Every structure is written in structure tokens, then in C-alpha cells.
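J.: TSV, C-alpha atoms and all ligand atoms, file model.tsv:
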```
chain	number	residue	atom	x	y	z
R	1	MET	CA	16.41	-8.59	-14.22
R	2	THR	CA	18.03	-11.50	-12.50
R	3	ALA	CA	20.99	-11.64	-10.19
R	4	ASP	CA	23.09	-14.76	-9.88
R	5	GLY	CA	22.40	-15.07	-6.19
R	6	PRO	CA	23.02	-13.44	-2.87
R	7	ALA	CA	26.59	-12.39	-3.73
R	8	SER	CA	25.70	-10.36	-6.86
R	9	ALA	CA	26.74	-6.70	-6.81
R	10	PRO	CA	23.88	-4.24	-7.40
R	11	ALA	CA	25.92	-2.32	-9.97
R	12	GLU	CA	25.80	-5.36	-12.29
R	13	LEU	CA	22.04	-5.60	-12.27
R	14	PRO	CA	20.38	-4.83	-15.56
R	15	ALA	CA	18.03	-1.84	-15.54
R	16	HIS	CA	14.31	-2.24	-16.20
R	17	ASP	CA	13.64	-1.40	-19.80
R	18	GLN	CA	9.87	-1.47	-19.42
R	19	GLY	CA	7.59	0.39	-17.08
R	20	LEU	CA	8.88	2.61	-14.30
R	21	TRP	CA	9.36	1.55	-10.70
R	22	ILE	CA	9.47	4.23	-7.99
R	23	THR	CA	9.81	3.49	-4.29
R	24	PHE	CA	9.29	5.74	-1.27
R	25	GLU	CA	11.39	5.26	1.84
R	26	GLY	CA	11.76	6.93	5.20
R	27	GLY	CA	11.20	6.52	8.89
R	28	ASP	CA	7.78	5.98	10.42
R	29	GLY	CA	5.85	9.24	10.23
R	30	SER	CA	7.91	10.69	7.37
R	31	GLY	CA	4.90	11.22	5.09
R	32	LYS	CA	5.65	8.59	2.43
R	33	THR	CA	2.06	7.55	1.99
R	34	THR	CA	0.87	11.13	1.41
R	35	GLN	CA	3.59	11.74	-1.19
R	36	ALA	CA	2.96	8.42	-2.94
R	37	ALA	CA	-0.75	9.31	-3.21
R	38	LEU	CA	0.02	12.79	-4.61
R	39	LEU	CA	2.41	11.34	-7.19
R	40	GLU	CA	-0.16	8.74	-8.19
R	41	GLU	CA	-2.79	11.44	-8.66
R	42	TRP	CA	-0.46	13.53	-10.82
R	43	LEU	CA	0.62	10.60	-12.99
R	44	ARG	CA	-2.96	9.46	-13.52
R	45	GLY	CA	-3.80	13.01	-14.53
R	46	GLN	CA	-1.06	12.67	-17.19
R	47	GLY	CA	-2.87	9.60	-18.52
R	48	ARG	CA	-0.40	7.08	-17.09
R	49	THR	CA	-1.40	3.68	-15.78
R	50	VAL	CA	-0.26	3.45	-12.18
R	51	VAL	CA	-0.10	0.58	-9.72
R	52	ARG	CA	0.27	1.79	-6.14
R	53	THR	CA	1.43	-0.80	-3.70
R	54	ARG	CA	3.39	-1.33	-0.50
R	55	GLU	CA	5.62	-3.64	1.48
R	56	PRO	CA	4.82	-5.43	3.57
R	57	GLY	CA	1.26	-6.20	2.49
R	58	GLY	CA	0.95	-5.57	-1.24
R	59	THR	CA	-0.55	-9.00	-1.93
R	60	GLU	CA	-2.94	-11.36	-0.13
R	61	VAL	CA	-0.01	-13.38	1.19
R	62	GLY	CA	1.68	-10.11	2.10
R	63	VAL	CA	-1.32	-8.99	4.16
R	64	LEU	CA	-0.92	-12.11	6.29
R	65	ILE	CA	2.83	-11.51	6.67
R	66	ARG	CA	2.20	-7.84	7.51
R	67	ASP	CA	-0.09	-8.87	10.32
R	68	ILE	CA	2.66	-11.07	11.80
R	69	VAL	CA	5.53	-8.60	11.52
R	70	LEU	CA	3.59	-5.56	12.70
R	71	HIS	CA	1.09	-6.98	15.18
R	72	HIS	CA	2.40	-10.23	16.63
R	73	ARG	CA	2.46	-9.90	20.41
R	74	GLY	CA	5.80	-10.96	21.77
R	75	ASP	CA	9.24	-11.38	20.29
R	76	ILE	CA	10.15	-12.38	16.77
R	77	ALA	CA	13.83	-13.30	16.40
R	78	PRO	CA	15.59	-10.65	14.26
R	79	ARG	CA	16.56	-13.16	11.54
R	80	ALA	CA	13.00	-14.50	11.44
R	81	GLU	CA	11.72	-10.94	11.05
R	82	ALA	CA	14.19	-10.34	8.19
R	83	LEU	CA	13.02	-13.52	6.47
R	84	LEU	CA	9.36	-12.59	6.85
R	85	TYR	CA	9.96	-9.24	5.13
R	86	ALA	CA	11.99	-11.02	2.45
R	87	ALA	CA	9.21	-13.57	1.92
R	88	ASP	CA	6.66	-10.80	1.48
R	89	ARG	CA	9.05	-9.12	-0.99
R	90	ALA	CA	9.65	-12.26	-3.02
R	91	HIS	CA	5.95	-12.88	-3.54
R	92	HIS	CA	5.14	-9.21	-4.13
R	93	VAL	CA	7.82	-8.62	-6.76
R	94	ALA	CA	7.13	-11.88	-8.61
R	95	THR	CA	3.35	-11.65	-8.69
R	96	LEU	CA	2.55	-7.92	-8.72
R	97	VAL	CA	5.51	-5.62	-9.42
R	98	GLN	CA	7.23	-7.42	-12.28
R	99	PRO	CA	4.01	-8.19	-14.18
R	100	ALA	CA	2.98	-4.52	-13.93
R	101	LEU	CA	6.40	-3.33	-15.16
R	102	ALA	CA	6.27	-5.85	-17.99
R	103	ARG	CA	2.95	-4.31	-19.05
R	104	GLY	CA	4.76	-0.95	-19.20
R	105	GLU	CA	2.97	0.49	-16.15
R	106	ILE	CA	4.28	2.77	-13.42
R	107	VAL	CA	4.63	1.13	-10.02
R	108	ILE	CA	4.64	3.47	-7.02
R	109	GLN	CA	5.62	1.53	-3.95
R	110	ASP	CA	5.68	2.39	-0.26
R	111	ARG	CA	8.91	0.75	1.04
R	112	TYR	CA	11.21	-1.84	-0.51
R	113	LEU	CA	14.55	-3.44	0.29
R	114	ASP	CA	16.11	-0.25	1.63
R	115	SER	CA	13.62	-0.58	4.51
R	116	SER	CA	15.05	-4.00	5.32
R	117	VAL	CA	18.64	-2.73	5.23
R	118	ALA	CA	17.71	0.21	7.49
R	119	TYR	CA	15.32	-1.52	9.92
R	120	GLN	CA	16.65	-5.09	10.10
R	121	GLY	CA	20.26	-4.23	9.22
R	122	ALA	CA	20.85	-1.08	11.27
R	123	GLY	CA	17.81	-1.17	13.58
R	124	ARG	CA	18.08	-4.83	14.62
R	125	VAL	CA	21.85	-4.76	14.10
R	126	LEU	CA	22.03	-7.59	11.58
R	127	ASP	CA	24.66	-7.50	8.84
R	128	ALA	CA	23.48	-4.89	6.33
R	129	ASP	CA	25.15	-6.57	3.33
R	130	GLU	CA	23.60	-9.91	4.18
R	131	ILE	CA	20.18	-8.30	4.54
R	132	ARG	CA	20.54	-6.57	1.19
R	133	ASP	CA	21.72	-9.76	-0.50
R	134	LEU	CA	18.85	-11.72	1.03
R	135	SER	CA	16.37	-9.20	-0.40
R	136	LEU	CA	18.06	-9.16	-3.79
R	137	TRP	CA	17.89	-12.95	-3.89
R	138	ALA	CA	14.21	-12.85	-2.84
R	139	ALA	CA	13.36	-10.29	-5.53
R	140	ASP	CA	15.49	-11.88	-8.27
R	141	GLY	CA	17.78	-8.84	-8.29
R	142	ALA	CA	15.11	-6.27	-9.05
R	143	LEU	CA	15.83	-2.64	-8.12
R	144	PRO	CA	13.67	0.46	-8.66
R	145	ARG	CA	14.69	3.22	-11.06
R	146	LEU	CA	14.01	5.93	-8.45
R	147	THR	CA	13.84	5.86	-4.66
R	148	VAL	CA	12.52	8.93	-2.86
R	149	LEU	CA	13.87	9.13	0.69
R	150	LEU	CA	11.85	11.37	2.98
R	151	ASP	CA	14.38	12.19	5.64
R	152	ILE	CA	13.16	13.22	9.08
R	153	ASP	CA	14.54	13.47	12.60
R	154	PRO	CA	12.90	10.59	14.50
R	155	ALA	CA	11.85	12.98	17.30
R	156	ALA	CA	9.88	15.13	14.82
R	157	ALA	CA	8.38	12.00	13.27
R	158	ARG	CA	7.34	10.80	16.72
R	159	HIS	CA	5.36	14.03	17.24
R	160	ARG	CA	3.46	13.34	14.01
R	161	LEU	CA	2.71	9.74	15.03
R	162	ASP	CA	1.55	10.90	18.47
R	163	ALA	CA	-0.77	13.41	16.81
R	164	ASP	CA	-2.27	10.58	14.71
R	165	ASP	CA	-3.48	9.00	17.94
R	166	LYS	CA	-3.22	5.43	16.58
R	167	PRO	CA	-1.64	2.60	18.58
R	168	PHE	CA	2.01	2.00	17.64
R	169	ASP	CA	2.90	-1.19	15.77
R	170	ARG	CA	5.93	-3.37	16.70
R	171	LEU	CA	8.41	-1.27	14.75
R	172	GLU	CA	6.98	2.15	15.60
R	173	ALA	CA	7.15	1.17	19.27
R	174	GLU	CA	10.94	0.70	19.10
R	175	ARG	CA	13.12	3.05	21.13
R	176	SER	CA	14.55	6.30	19.81
R	177	ASP	CA	18.08	4.87	19.35
R	178	PHE	CA	16.60	2.22	17.00
R	179	HIS	CA	14.98	4.95	14.89
R	180	ALA	CA	18.16	7.03	14.94
R	181	ARG	CA	20.08	4.06	13.49
R	182	VAL	CA	17.39	3.58	10.85
R	183	ARG	CA	17.69	7.22	9.78
R	184	ALA	CA	21.49	7.08	9.60
R	185	ALA	CA	21.35	3.88	7.55
R	186	TYR	CA	18.92	5.44	5.06
R	187	LEU	CA	21.20	8.45	4.58
R	188	ALA	CA	24.19	6.15	4.05
R	189	LEU	CA	22.24	4.12	1.47
R	190	ALA	CA	21.30	7.30	-0.39
R	191	ALA	CA	24.90	8.55	-0.35
R	192	ALA	CA	26.08	5.22	-1.79
R	193	GLU	CA	23.59	5.30	-4.70
R	194	PRO	CA	23.00	8.98	-5.52
R	195	GLU	CA	21.70	8.18	-9.01
R	196	ARG	CA	18.86	6.05	-7.63
R	197	PHE	CA	17.95	8.20	-4.60
R	198	LEU	CA	16.23	11.56	-4.30
R	199	VAL	CA	16.61	12.73	-0.68
R	200	LEU	CA	14.12	15.31	0.56
R	201	ASP	CA	13.69	17.00	3.92
R	202	ALA	CA	10.36	15.57	5.07
R	203	THR	CA	9.60	18.60	7.25
R	204	ARG	CA	9.13	20.76	4.14
R	205	ASP	CA	5.65	21.77	3.02
R	206	VAL	CA	3.65	18.86	1.56
R	207	GLY	CA	3.03	20.68	-1.73
R	208	GLU	CA	6.70	21.66	-2.12
R	209	LEU	CA	7.75	18.06	-1.55
R	210	ALA	CA	5.22	16.81	-4.09
R	211	ALA	CA	6.56	19.30	-6.65
R	212	ALA	CA	10.15	18.14	-6.05
R	213	VAL	CA	9.09	14.51	-6.53
R	214	ARG	CA	7.16	15.38	-9.69
R	215	ASP	CA	10.16	17.24	-11.14
R	216	ARG	CA	12.40	14.22	-10.70
R	217	VAL	CA	9.83	11.77	-12.06
R	218	ALA	CA	9.18	14.02	-15.06
R	219	ALA	CA	12.92	14.07	-15.77
R	220	VAL	CA	13.07	10.26	-15.59
R	221	LEU	CA	10.07	9.94	-17.93
R	222	ALA	CA	11.39	12.50	-20.41
T	301	LIG	P1	4.34	1.08	7.10
T	301	LIG	O1	3.89	0.27	5.95
T	301	LIG	O2	3.21	1.66	7.85
T	301	LIG	O3	5.41	2.04	6.76
T	301	LIG	O4	4.94	0.05	8.19
T	301	LIG	C1	5.80	-0.93	7.88
T	301	LIG	C2	6.76	-1.10	9.03
T	301	LIG	O5	7.58	-2.21	8.75
T	301	LIG	C3	7.66	0.11	9.26
T	301	LIG	O6	7.84	0.32	10.64
T	301	LIG	C4	8.97	-0.32	8.66
T	301	LIG	C5	8.95	-1.81	8.81
T	301	LIG	N1	9.68	-2.53	7.76
T	301	LIG	C6	10.82	-3.23	8.09
T	301	LIG	O7	11.22	-3.23	9.25
T	301	LIG	N2	11.49	-3.91	7.11
T	301	LIG	C7	11.05	-3.93	5.82
T	301	LIG	O8	11.68	-4.56	4.96
T	301	LIG	C8	9.85	-3.20	5.49
T	301	LIG	C9	9.35	-3.21	4.08
T	301	LIG	C10	9.20	-2.51	6.48
```
Rewrite the structure of this file - the entire thing - as C-alpha cells.
T.:
Amino acid sequence: MTADGPASAPAELPAHDQGLWITFEGGDGSGKTTQAALLEEWLRGQGRTVVRTREPGGTEVGVLIRDIVLHHRGDIAPRAEALLYAADRAHHVATLVQPALARGEIVIQDRYLDSSVAYQGAGRVLDADEIRDLSLWAADGALPRLTVLLDIDPAAARHRLDADDKPFDRLEAERSDFHARVRAAYLALAAAEPERFLVLDATRDVGELAAAVRDRVAAVLA
């Protein structure tokens, strides 16, 4: 469960032997929240105990951090932004995720460290390895068993967000080249860790996507 520090390689991290940790990743408007809710519903129907959570904002401290990173008016220096997400992560993993896994529960989480590598690393153009190491240090080396990446062209995602008719937050309001870098970074992360990632085309039918997620989760649980 622990890594020695920022320089530890992910391949050396011990796997979780209790509980099951599943994260959803993807660009803004990719449909993660819908798929996380459908998976939760299915797992509960199977009699499983599920904790559904998110980053940033899965804890009381996290809600405060979420408000800063998403709604602060004016600039936040890229490294400060990276540290805020890492701080949220550190508190969330230590106080909510790890205890739930230790109880043998299933944690379904909207976003984790891959978001930081994609958004702060590629989007803000910070060093991706440093961002990943910072997150691994913050989370004591913890990695999920399965990460579902809902891949979508940022232009298509933008149409969905426009249709929602909600004001854009700081990250959603970034330019299209930012979101293109985020998408490319996600795909590179998935290619580098094919055993952890399930990559799905987010423009597919919601029910079809949910079935594909269920199939993979069932295989992991079997
Ligand atoms: P969401 O919870 O509605 O997906 O919004 C969270 C936003 O924060 C989203 O635009 C992605 C961004 N984000 C980062 O930039 N870095 C991170 O580490 C995380 C978890 C989210």
C-alpha cells in the first residue's frame, strides 16, 4: 500500500488485497458520473456495499478545496493548482478510500490521479512524471484496480456541456487546445497501463457503455 516516496515506480506498488477500487476518468462532459451511478446501482443490486465518491470534493475538506480549484475567480499558479488537487487526494484517500477498502467495500470514484497527470501535466504543461509522483506521494502509493476511461473528442463533449446550460467552471472554460492535450494524455496513460485501464468510446449508447463496464467489473470480481 505504501510507496517509498515520490520516486517510486508504480509497477512496484503492492495491489490492494481487500475491497475493490474502481475509478472513472475522462474529459469534461464524457459521461463519467452517469456511468459511475449505473455501476453503483448494479453492484448494490448484487448485494455489494458500495462507496461512491469523487475528486476533488469527496470529503468535507475536499469540498472546500473543490470550491477553490473550480470556482476561484482569477489565476491560480499551475503548481499551486496541482498541490491543491494533491491535498484533496491525500485527505480523501487516507480518510475515506482506504478505510472503505479495508472494510472490504467497493469504492467507485469519479476522477483520481490520472486526472492530475492529464489536466495539470498535459493541460497546464507541468512535468507529467512529477505530477504523478506528487499524487502517489500524497496518496501513499495507492492505485485503483480498474480505471474506466471514457474517451471523447473535446468538441463533442463541448456540445454536451453546452446543452447542459450550466456555467463553465475554471477547467471547463479552458480553450480547446487544453482539452485536446488532456485527451491525448489520457490515451497515453491508458496505453502505458493496459491492465489497469478499460478505454471506451464515450459517444456509444449509455446502456451499451454500462454493459461494457459491468462485464469488466464482473470479470475482476470473479
Ligand atoms: P468534475 O468533478 O465535475 O469532473 O470536475 C472536476 C474538474 O477538475 C475537471 O475539470 C477536471 C479537474 N481536475 C483536475 O484538473 N485535476 C485533478 O486532479 C482532478 C481530480 C480534477
J.: Show me, as JSON, the centre and edge lengths in Å to one decimal of the axis-aligned box that covers every listed atom of ligand LIG 301 (chain T) with 8 Å on each side.
T.:
```
{"center_x": 7.4, "center_y": -1.3, "center_z": 7.4, "size_x": 24.5, "size_y": 22.6, "size_z": 22.6}
```
J.: Between R:Ala218, R:Leu43, R:Val93, R:Leu209, which one has atoms that come closest to R:Ile106, using only C-alpha atoms?
T.: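 Closest residue, counting only C-alpha atoms: R:Leu43.
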J.: Quick one: of R:Ala90, R:Pro99, R:Val125, R:Gly207, who's nearest to R:Pro78, counting all atoms listed in the file?
T.: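 Once distances to R:Pro78 are computed over all atoms listed in the file, the minimum belongs to R:Val125.
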J.: Throw together the list of residues within 7 Å of ligand LIG 301 (chain T), counting all atoms listed in the file, and drop it here as a list in words.
T.: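 What falls inside 7 Å of ligand LIG 301 (chain T) is Asp28, Arg54, Glu55, Pro56, Leu70, Tyr85, Ala86, Asp110, Arg111, Tyr112, Leu113, Ser115, Ser116, Tyr119, Gln120, Leu171 and Glu172 of chain R.
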J.: Quick one: residues within 10 Å of (20.3, 4.8, 14.0) (file frame), counting all atoms listed in the file, please, as an mmCIF file with C-alpha atoms, in the frame of the given file.
T.:
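Saved the output as out-v5.cif:
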```cif
data_model
loop_
_atom_site.group_PDB
_atom_site.id
_atom_site.type_symbol
_atom_site.label_atom_id
_atom_site.label_comp_id
_atom_site.auth_asym_id
_atom_site.auth_seq_id
_atom_site.Cartn_x
_atom_site.Cartn_y
_atom_site.Cartn_z
ATOM 1 C CA ALA R 118 17.710 0.210 7.490
ATOM 2 C CA TYR R 119 15.320 -1.520 9.920
ATOM 3 C CA ALA R 122 20.850 -1.080 11.270
ATOM 4 C CA GLY R 123 17.810 -1.170 13.580
ATOM 5 C CA ARG R 124 18.080 -4.830 14.620
ATOM 6 C CA VAL R 125 21.850 -4.760 14.100
ATOM 7 C CA PRO R 154 12.900 10.590 14.500
ATOM 8 C CA SER R 176 14.550 6.300 19.810
ATOM 9 C CA ASP R 177 18.080 4.870 19.350
ATOM 10 C CA PHE R 178 16.600 2.220 17.000
ATOM 11 C CA HIS R 179 14.980 4.950 14.890
ATOM 12 C CA ALA R 180 18.160 7.030 14.940
ATOM 13 C CA ARG R 181 20.080 4.060 13.490
ATOM 14 C CA VAL R 182 17.390 3.580 10.850
ATOM 15 C CA ARG R 183 17.690 7.220 9.780
ATOM 16 C CA ALA R 184 21.490 7.080 9.600
ATOM 17 C CA ALA R 185 21.350 3.880 7.550
ATOM 18 C CA TYR R 186 18.920 5.440 5.060
#
```
J.: Figure out the distance between atom CA of R:Glu105 and atom CA of R:Gln18, please, to one decimal in Å.
T.: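 The value is 7.9 Å.
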J.: Calculate how many Å separate atom CA of R:Glu25 from atom CA of R:Leu198, rounding to one decimal.
T.: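 Interatomic distance here is 10.0 Å.
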J.: Quick check, in Å to one decimal: how far apart do atom CA of R:Ala202 and atom CA of R:Gly31 lie?
T.: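 Rounded to one decimal, the two atoms are 7.0 Å apart.
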J.: Counting all atoms listed in the file, figure out which residue out of R:Leu38, R:Ala210, R:Leu200, R:Leu134 gets nearest to R:Val148.
T.: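 Selected residue with least distance to R:Val148: R:Leu200.
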J.: Please list as a list in words every residue within 10 Å of R:Leu161, counting only C-alpha atoms and excluding residues in the same chain fewer than 6 positions away.
T.: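 Returned residues: Asp28, Gly29, Ser30, Ala155, Pro167, Phe168 and Glu172 of chain R.
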J.: Could you tell me which of R:Leu189, R:Gly58, R:Gly27, R:Asp67 comes closest to R:Glu174 if we count all atoms listed in the file?
T.: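 Between R:Leu189, R:Gly58, R:Gly27, R:Asp67, the residue approaching R:Glu174 most closely is R:Gly27.
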J.: Nearest to R:Arg216: which of R:Arg204, R:Leu187, R:Leu146, R:Thr95 is it, counting all atoms listed in the file?
T.: R:Leu146
J.: Pick the closest to R:Thr49 from R:Val107, R:His91, R:Trp21, R:Ala77: which is it, counting all atoms listed in the file?
T.: R:Val107
J.: Can you list, as a PyMOL selection string, every protein, DNA or RNA residue that comes within 10 Å of R:Leu39 when you count only C-alpha atoms, leaving out same-chain residues fewer than 5 positions away?
T.: chain R and resi 33-34+44-45+50+52+108+210-211+213-214+217
